[in-house]
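> Got a file for you: final_15.cif, mmCIF, C-alpha atoms and all ligand atoms.
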data_start
loop_
_atom_site.label_atom_id
_atom_site.label_comp_id
_atom_site.auth_asym_id
_atom_site.auth_seq_id
_atom_site.Cartn_x
_atom_site.Cartn_y
_atom_site.Cartn_z
CA MET A 1 104.00 120.88 81.38
CA SER A 2 107.53 121.81 82.36
CA LYS A 3 109.77 118.93 83.28
CA ASN A 4 110.82 118.34 86.88
CA PRO A 5 114.62 117.94 86.93
CA VAL A 6 114.52 115.79 90.10
CA TYR A 7 112.10 113.36 88.50
CA GLU A 8 113.98 113.38 85.18
CA LYS A 9 117.21 112.55 86.99
CA LEU A 10 115.61 109.72 88.96
CA MET A 11 114.09 108.17 85.84
CA GLY A 12 117.37 108.65 83.95
CA CYS A 13 119.20 106.73 86.68
CA TYR A 14 116.56 104.02 86.64
CA ASP A 15 116.68 103.63 82.87
CA SER A 16 120.46 103.39 82.95
CA ILE A 17 120.51 100.48 85.42
CA LYS A 18 117.29 98.57 84.87
CA GLU A 19 118.98 95.93 82.71
CA LYS A 20 121.38 95.18 85.56
CA ILE A 21 118.72 94.48 88.19
CA PRO A 22 118.78 90.67 88.59
CA PHE A 23 115.45 90.28 90.45
CA THR A 24 112.75 92.34 92.12
CA PRO A 25 113.93 93.05 95.66
CA LYS A 26 111.41 92.94 98.53
CA VAL A 27 113.65 94.66 101.07
CA ALA A 28 115.92 97.66 100.51
CA LEU A 29 118.57 97.67 103.22
CA ILE A 30 120.78 100.68 103.90
CA LEU A 31 123.98 99.67 105.64
CA GLY A 32 125.13 102.26 108.16
CA SER A 33 128.38 102.42 110.10
CA GLY A 34 129.27 99.04 111.54
CA LEU A 35 127.39 97.17 108.84
CA GLY A 36 129.71 98.25 106.04
CA ASP A 37 130.96 94.69 105.47
CA TYR A 38 127.59 93.01 106.07
CA ALA A 39 127.30 92.20 102.38
CA ASP A 40 130.55 90.23 102.46
CA GLY A 41 128.72 87.39 104.16
CA TYR A 42 126.49 86.88 101.12
CA SER A 43 127.19 85.94 97.54
CA ALA A 44 126.15 88.81 95.35
CA GLU A 45 123.72 87.93 92.58
CA GLY A 46 124.14 91.37 91.11
CA MET A 47 126.10 94.50 91.83
CA ILE A 48 125.84 98.06 90.55
CA ASP A 49 128.61 100.48 91.40
CA TYR A 50 127.34 104.02 92.04
CA HIS A 51 130.06 105.31 89.70
CA GLU A 52 128.34 103.49 86.83
CA ILE A 53 125.14 105.51 87.33
CA GLN A 54 125.14 108.85 85.57
CA GLY A 55 124.86 111.77 88.04
CA PHE A 56 124.50 109.46 91.02
CA PRO A 57 125.72 110.80 94.40
CA VAL A 58 128.89 109.01 95.50
CA SER A 59 129.96 109.08 99.15
CA THR A 60 133.06 111.04 100.08
CA VAL A 61 133.30 109.64 103.64
CA PRO A 62 136.33 107.43 104.30
CA GLY A 63 135.26 103.83 104.85
CA HIS A 64 131.99 104.21 102.94
CA LYS A 65 131.84 102.14 99.77
CA GLY A 66 129.35 102.90 97.08
CA ARG A 67 127.34 100.18 95.41
CA PHE A 68 124.04 98.33 95.29
CA ILE A 69 124.35 94.64 96.07
CA PHE A 70 121.57 92.20 95.24
CA THR A 71 121.32 89.01 97.22
CA HIS A 72 118.90 86.70 99.03
CA ILE A 73 118.98 86.78 102.83
CA GLU A 74 117.34 83.62 104.21
CA GLY A 75 115.27 83.46 101.03
CA THR A 76 114.23 87.12 101.01
CA PRO A 77 115.28 89.08 97.91
CA VAL A 78 117.22 92.12 99.09
CA VAL A 79 118.98 95.09 97.56
CA MET A 80 121.59 96.53 99.90
CA MET A 81 123.15 99.95 99.73
CA GLN A 82 126.75 99.65 100.72
CA GLY A 83 127.46 103.29 101.38
CA ARG A 84 125.01 106.17 101.57
CA VAL A 85 125.56 109.86 101.00
CA HIS A 86 124.95 112.46 103.66
CA TYR A 87 123.58 115.97 103.37
CA TYR A 88 126.76 117.36 104.99
CA GLU A 89 128.80 116.14 102.01
CA GLY A 90 127.28 118.97 100.04
CA TYR A 91 124.70 117.10 97.98
CA SER A 92 121.22 118.49 97.59
CA ILE A 93 118.65 116.75 99.76
CA SER A 94 117.00 115.37 96.60
CA ASP A 95 120.30 113.71 95.68
CA VAL A 96 120.66 112.33 99.21
CA VAL A 97 117.33 110.50 98.89
CA LEU A 98 117.70 109.55 95.23
CA PRO A 99 119.01 106.03 96.02
CA VAL A 100 116.04 105.34 98.29
CA ARG A 101 113.66 106.40 95.54
CA LEU A 102 115.56 104.31 93.00
CA MET A 103 115.25 101.17 95.12
CA ARG A 104 111.49 101.73 95.30
CA LEU A 105 111.41 101.89 91.50
CA MET A 106 113.30 98.58 91.52
CA GLY A 107 110.28 97.18 93.33
CA ALA A 108 111.35 97.18 96.99
CA GLU A 109 108.42 97.28 99.42
CA ILE A 110 110.28 97.56 102.71
CA LEU A 111 112.99 100.06 103.55
CA PHE A 112 115.27 98.88 106.36
CA LEU A 113 117.34 101.81 107.64
CA THR A 114 120.41 101.41 109.81
CA ASN A 115 122.83 103.98 111.18
CA ALA A 116 125.22 104.85 113.96
CA ALA A 117 123.90 107.53 116.27
CA GLY A 118 124.71 109.38 119.43
CA GLY A 119 122.65 108.49 122.48
CA VAL A 120 120.80 111.47 123.94
CA ASN A 121 118.77 109.46 126.45
CA PHE A 122 120.66 108.97 129.72
CA ASP A 123 119.35 105.39 129.93
CA PHE A 124 121.37 104.48 126.84
CA ALA A 125 124.97 103.24 126.73
CA ALA A 126 127.50 103.01 123.92
CA GLY A 127 126.97 99.71 122.12
CA ASP A 128 123.17 99.65 122.62
CA PHE A 129 120.75 99.25 119.74
CA MET A 130 117.70 101.48 119.39
CA LEU A 131 114.61 100.53 117.45
CA ILE A 132 113.45 103.74 115.77
CA ARG A 133 109.82 104.40 116.66
CA ASP A 134 109.53 107.92 115.28
CA GLN A 135 111.74 110.74 114.11
CA ILE A 136 112.36 114.48 113.94
CA SER A 137 113.52 115.64 110.53
CA SER A 138 112.73 119.34 110.93
CA PHE A 139 116.40 120.41 111.08
CA VAL A 140 117.15 119.29 107.53
CA PRO A 141 115.29 120.41 104.41
CA SER A 142 112.39 118.20 103.39
CA PRO A 143 113.16 116.15 100.26
CA LEU A 144 109.52 116.75 99.29
CA ILE A 145 110.07 120.50 98.74
CA GLY A 146 109.56 121.52 95.11
CA PRO A 147 106.88 120.58 92.63
CA ASN A 148 105.25 117.41 93.88
CA MET A 149 106.10 114.32 91.88
CA ASP A 150 102.57 112.93 91.71
CA GLN A 151 103.95 109.74 90.17
CA LEU A 152 105.78 109.06 93.46
CA GLY A 153 103.28 110.15 96.10
CA PRO A 154 100.89 112.85 97.32
CA ARG A 155 101.67 116.54 97.85
CA PHE A 156 100.91 116.43 101.58
CA ALA A 157 102.19 113.08 102.76
CA ASP A 158 100.84 111.68 106.02
CA MET A 159 103.65 111.03 108.51
CA SER A 160 101.61 109.63 111.40
CA HIS A 161 103.16 106.14 111.14
CA ILE A 162 106.49 106.49 109.39
CA TYR A 163 107.88 103.38 111.07
CA ASP A 164 105.66 100.37 110.43
CA GLU A 165 104.25 98.74 113.58
CA ASP A 166 104.46 95.18 112.26
CA LEU A 167 108.08 95.61 111.21
CA GLN A 168 108.89 97.09 114.62
CA GLN A 169 107.41 94.00 116.26
CA ILE A 170 109.47 91.72 114.02
CA ILE A 171 112.63 93.51 115.14
CA ARG A 172 111.57 93.31 118.81
CA ASP A 173 110.92 89.57 118.45
CA SER A 174 114.26 89.06 116.71
CA ALA A 175 116.11 90.88 119.49
CA ALA A 176 114.25 88.86 122.13
CA ALA A 177 115.22 85.61 120.39
CA MET A 178 118.85 86.73 120.70
CA ASN A 179 118.42 87.74 124.34
CA LEU A 180 119.42 91.21 123.28
CA SER A 181 117.96 94.14 125.17
CA LEU A 182 116.70 96.57 122.57
CA LYS A 183 116.19 100.23 123.35
CA GLU A 184 113.46 102.16 121.56
CA GLY A 185 113.01 105.79 120.77
CA VAL A 186 112.96 108.84 118.58
CA TYR A 187 115.76 109.60 116.12
CA LEU A 188 116.57 113.22 115.38
CA GLN A 189 118.55 114.20 112.29
CA LEU A 190 120.84 117.22 112.30
CA THR A 191 122.93 118.25 109.33
CA GLY A 192 126.36 117.63 110.86
CA PRO A 193 129.17 117.28 109.97
CA ALA A 194 130.28 118.62 113.35
CA TYR A 195 129.07 116.70 116.34
CA GLU A 196 126.65 118.58 118.55
CA SER A 197 127.55 120.98 121.33
CA PRO A 198 126.35 119.99 124.80
CA ALA A 199 123.67 122.69 124.56
CA GLU A 200 122.43 121.22 121.29
CA VAL A 201 122.30 117.78 122.86
CA ARG A 202 120.16 119.21 125.69
CA MET A 203 117.95 120.79 123.03
CA CYS A 204 117.53 117.41 121.32
CA ARG A 205 116.54 115.82 124.63
CA ILE A 206 114.02 118.57 125.40
CA LEU A 207 112.54 118.11 121.94
CA GLY A 208 111.92 114.44 122.69
CA ALA A 209 114.83 112.77 120.92
CA ASP A 210 116.57 109.66 122.22
CA ALA A 211 119.27 109.51 119.57
CA VAL A 212 120.87 112.00 117.22
CA GLY A 213 122.54 111.45 113.88
CA MET A 214 123.25 112.84 110.44
CA SER A 215 121.21 110.59 108.14
CA THR A 216 118.08 108.45 107.96
CA ALA A 217 115.19 110.81 108.74
CA CYS A 218 115.23 112.53 105.33
CA GLU A 219 115.41 109.10 103.69
CA ALA A 220 112.40 107.96 105.70
CA VAL A 221 110.43 111.04 104.63
CA ALA A 222 111.07 110.35 100.94
CA ALA A 223 110.38 106.65 101.45
CA ASN A 224 107.12 107.27 103.30
CA HIS A 225 106.02 109.58 100.49
CA MET A 226 106.55 106.69 98.05
CA GLY A 227 104.61 104.22 100.15
CA TYR A 228 107.39 102.04 101.48
CA LYS A 229 106.94 100.15 104.75
CA ILE A 230 109.81 101.45 106.86
CA CYS A 231 111.82 100.23 109.82
CA GLY A 232 115.09 101.34 111.33
CA ILE A 233 117.70 100.52 113.93
CA SER A 234 120.34 102.86 115.34
CA CYS A 235 123.55 101.53 116.75
CA ILE A 236 124.25 103.83 119.68
CA SER A 237 127.95 104.25 119.05
CA ASN A 238 128.48 106.82 121.80
CA LEU A 239 126.68 109.01 124.24
CA ALA A 240 126.25 112.44 122.71
CA CYS A 241 128.54 115.35 123.53
CA GLY A 242 128.45 116.68 127.05
CA MET A 243 126.99 113.49 128.52
CA THR A 244 130.42 112.11 129.40
CA ASP A 245 133.77 113.76 130.10
CA GLN A 246 135.26 112.53 126.86
CA PRO A 247 135.51 114.47 123.62
CA LEU A 248 133.92 112.67 120.68
CA SER A 249 135.76 111.40 117.64
CA HIS A 250 134.82 109.59 114.44
CA LYS A 251 137.33 106.93 115.51
CA GLU A 252 135.38 106.19 118.70
CA VAL A 253 132.12 106.05 116.76
CA GLN A 254 133.64 103.62 114.27
CA GLU A 255 135.30 101.46 116.94
CA THR A 256 132.10 100.96 118.92
CA ALA A 257 130.11 100.31 115.77
CA ASP A 258 132.69 97.70 114.72
CA ARG A 259 132.72 96.09 118.17
CA VAL A 260 128.97 95.43 118.18
CA ALA A 261 128.75 94.76 114.44
CA PRO A 262 128.34 90.96 114.86
CA LEU A 263 125.24 91.48 117.01
CA PHE A 264 123.91 94.15 114.65
CA LYS A 265 124.34 91.80 111.69
CA GLU A 266 122.54 88.98 113.44
CA LEU A 267 119.65 91.25 114.43
CA VAL A 268 119.28 92.48 110.85
CA THR A 269 119.51 88.99 109.36
CA ARG A 270 116.95 87.51 111.74
CA SER A 271 114.61 90.43 111.13
CA ILE A 272 114.86 90.22 107.35
CA ALA A 273 114.26 86.47 107.45
CA LYS A 274 110.98 87.10 109.32
CA MET A 275 110.04 89.98 107.04
CA GLY A 276 110.40 87.77 103.97
CA LYS A 277 108.12 85.18 105.52
CA SER A 278 105.51 87.70 106.59
CA LEU A 279 105.50 89.23 103.12
CA ASN A 280 105.02 85.83 101.56
CA GLY A 281 101.98 85.39 103.76
CA LYS A 282 103.46 82.41 105.62
N1 LIG B 1 126.06 112.83 116.89
C1 LIG B 1 125.68 112.85 115.60
N2 LIG B 1 125.86 111.83 114.78
C2 LIG B 1 126.45 110.74 115.26
C3 LIG B 1 126.88 110.65 116.59
C4 LIG B 1 126.67 111.76 117.45
O1 LIG B 1 127.01 111.77 118.65
N3 LIG B 1 127.44 109.42 116.75
C5 LIG B 1 127.33 108.79 115.55
N4 LIG B 1 126.73 109.58 114.65
#
Once more with this new file: its structure as structure tokens, please.

Amino acid sequence: MSKNPVYEKLMGCYDSIKEKIPFTPKVALILGSGLGDYADGYSAEGMIDYHEIQGFPVSTVPGHKGRFIFTHIEGTPVVMMQGRVHYYEGYSISDVVLPVRLMRLMGAEILFLTNAAGGVNFDFAAGDFMLIRDQISSFVPSPLIGPNMDQLGPRFADMSHIYDEDLQQIIRDSAAAMNLSLKEGVYLQLTGPAYESPAEVRMCRILGADAVGMSTACEAVAANHMGYKICGISCISNLACGMTDQPLSHKEVQETADRVAPLFKELVTRSIAKMGKSLNGK
């Protein structure tokens, strides 16, 4: 049988780091904009720089670091990705999802996705948080295209419940305990890197999206294929183009994400604490 280069690369990466994995993580947490320094609040029990991993995609976006950090959050073993790569950076979609697959090989059972996104729903405001209930990934190539890697999952993966109901409820309960009003909705991924035109934002709304961004959905497809339980939260860093009079800038996105970062961190921490307990059967 001919070898699948995507699978070979994944296993090569895994083999090259497996000695450095300090424990089996339960939760794989991807830190999006605004959560970039989340890991600083925890003492790392292990760290793997992406540069150390042969052929590993390394982010080119300013302000995005690139490393796996292993730590316990309220007793739950977690591997965090400080810095993700985006399709618009020029990587193949299989490279974009490689880190997610790698964390599953490390043993993670839950994938916790976070991002900054543009609000498409007129009921949203900059600084809101949106629990991701479902997604539209049809505008980016599927990471499952190519020979199926039967070792990872089935050829025709079921996507009827990408975002796990129990994990969604944990996040709702965590927000309620903080008195935080949590929006909910559908995340739509476009390639970027340009922000959308007003007509594209209208298109997203007509298609049923509540938030639009340039990451996450392809990662969730690959993760669902591998059998992860998945949850996700978008920080609505801005209303999407055309919904206000203001032009959109990366600076504005970053500033809003930074402003609400303390709340975002608390929501993630509380949620992970509960996830650890529910996984332990307590
Ligand atoms: N559009 C796409 N991606 C984004 C946005 C947006 O308005 N804000 C943050 N990420």
> Would you mind telling me which residue in A:His161, A:Arg202, A:Lys26, A:His51 lies nearest to Met80 (chain A) when using all atoms listed in the file?
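Of A:His161, A:Arg202, A:Lys26, A:His51, the one nearest Met80 (chain A), counting all atoms listed in the file, is A:Lys26.
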> Sort by chain and increasing residue number a table of all residues of chain A within 9 Å of ligand LIG 1 (chain B), each with its closest pair of atoms and their distance in Å to one decimal, counting all atoms listed in the file, and write it as a tab-separated table.

residue	atom	partner	partner_atom	distance
A:Ser33	CA	B:LIG1	C5	8.4
A:Asn115	CA	B:LIG1	N4	7.7
A:Ala116	CA	B:LIG1	C5	4.7
A:Ala117	CA	B:LIG1	C5	3.7
A:Gly118	CA	B:LIG1	O1	3.4
A:Gly119	CA	B:LIG1	O1	6.7
A:Val120	CA	B:LIG1	O1	8.2
A:Gln189	CA	B:LIG1	C1	8.0
A:Leu190	CA	B:LIG1	C1	7.3
A:Thr191	CA	B:LIG1	C1	8.7
A:Gly192	CA	B:LIG1	C1	6.8
A:Pro193	CA	B:LIG1	C1	8.0
A:Ala194	CA	B:LIG1	C1	7.7
A:Tyr195	CA	B:LIG1	N1	4.9
A:Glu196	CA	B:LIG1	N1	6.0
A:Val201	CA	B:LIG1	N1	8.6
A:Ala211	CA	B:LIG1	N1	8.0
A:Val212	CA	B:LIG1	C1	5.1
A:Gly213	CA	B:LIG1	N2	3.5
A:Met214	CA	B:LIG1	N2	5.2
A:Ser215	CA	B:LIG1	N2	8.2
A:Cys235	CA	B:LIG1	C5	8.3
A:Ile236	CA	B:LIG1	N3	7.1
A:Ser237	CA	B:LIG1	N3	5.7
A:Asn238	CA	B:LIG1	N3	5.8
A:Leu239	CA	B:LIG1	O1	6.2
A:Ala240	CA	B:LIG1	O1	4.2
A:Cys241	CA	B:LIG1	O1	6.2
A:Leu248	CA	B:LIG1	O1	7.3
A:Ser249	CA	B:LIG1	N3	8.6
A:His250	CA	B:LIG1	C5	7.6
A:Glu252	CA	B:LIG1	N3	8.8
A:Val253	CA	B:LIG1	C5	5.6
A:Gln254	CA	B:LIG1	C5	8.3
A:Ala257	CA	B:LIG1	C5	8.9
> Rounded to one decimal in Å, what is the spacing between CA of Gly227 (chain A) and CA of Tyr42 (chain A)?
27.9 Å
> Smallest atom-to-atom distance to Gly276 (chain A): which of A:Gly90, A:Pro77, A:Gly146, A:Pro57, using all atoms listed in the file?
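Of the candidates, the smallest distance to Gly276 (chain A) is held by A:Pro77.
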> Please determine the residues with any atom at most 10 Å from (107.8, 99.1, 115.9) (coordinates as given in the file, with all atoms listed in the file counting) and report them as a list in words.
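Checked against the point, the hits come out as Leu131, Ile132, Arg133, Asp134, His161, Ile162, Tyr163, Asp164, Glu165, Asp166, Leu167, Gln168, Gln169, Ile170, Ile171, Arg172, Glu184, Gly185, Ile230, Cys231 and Gly232 of chain A.
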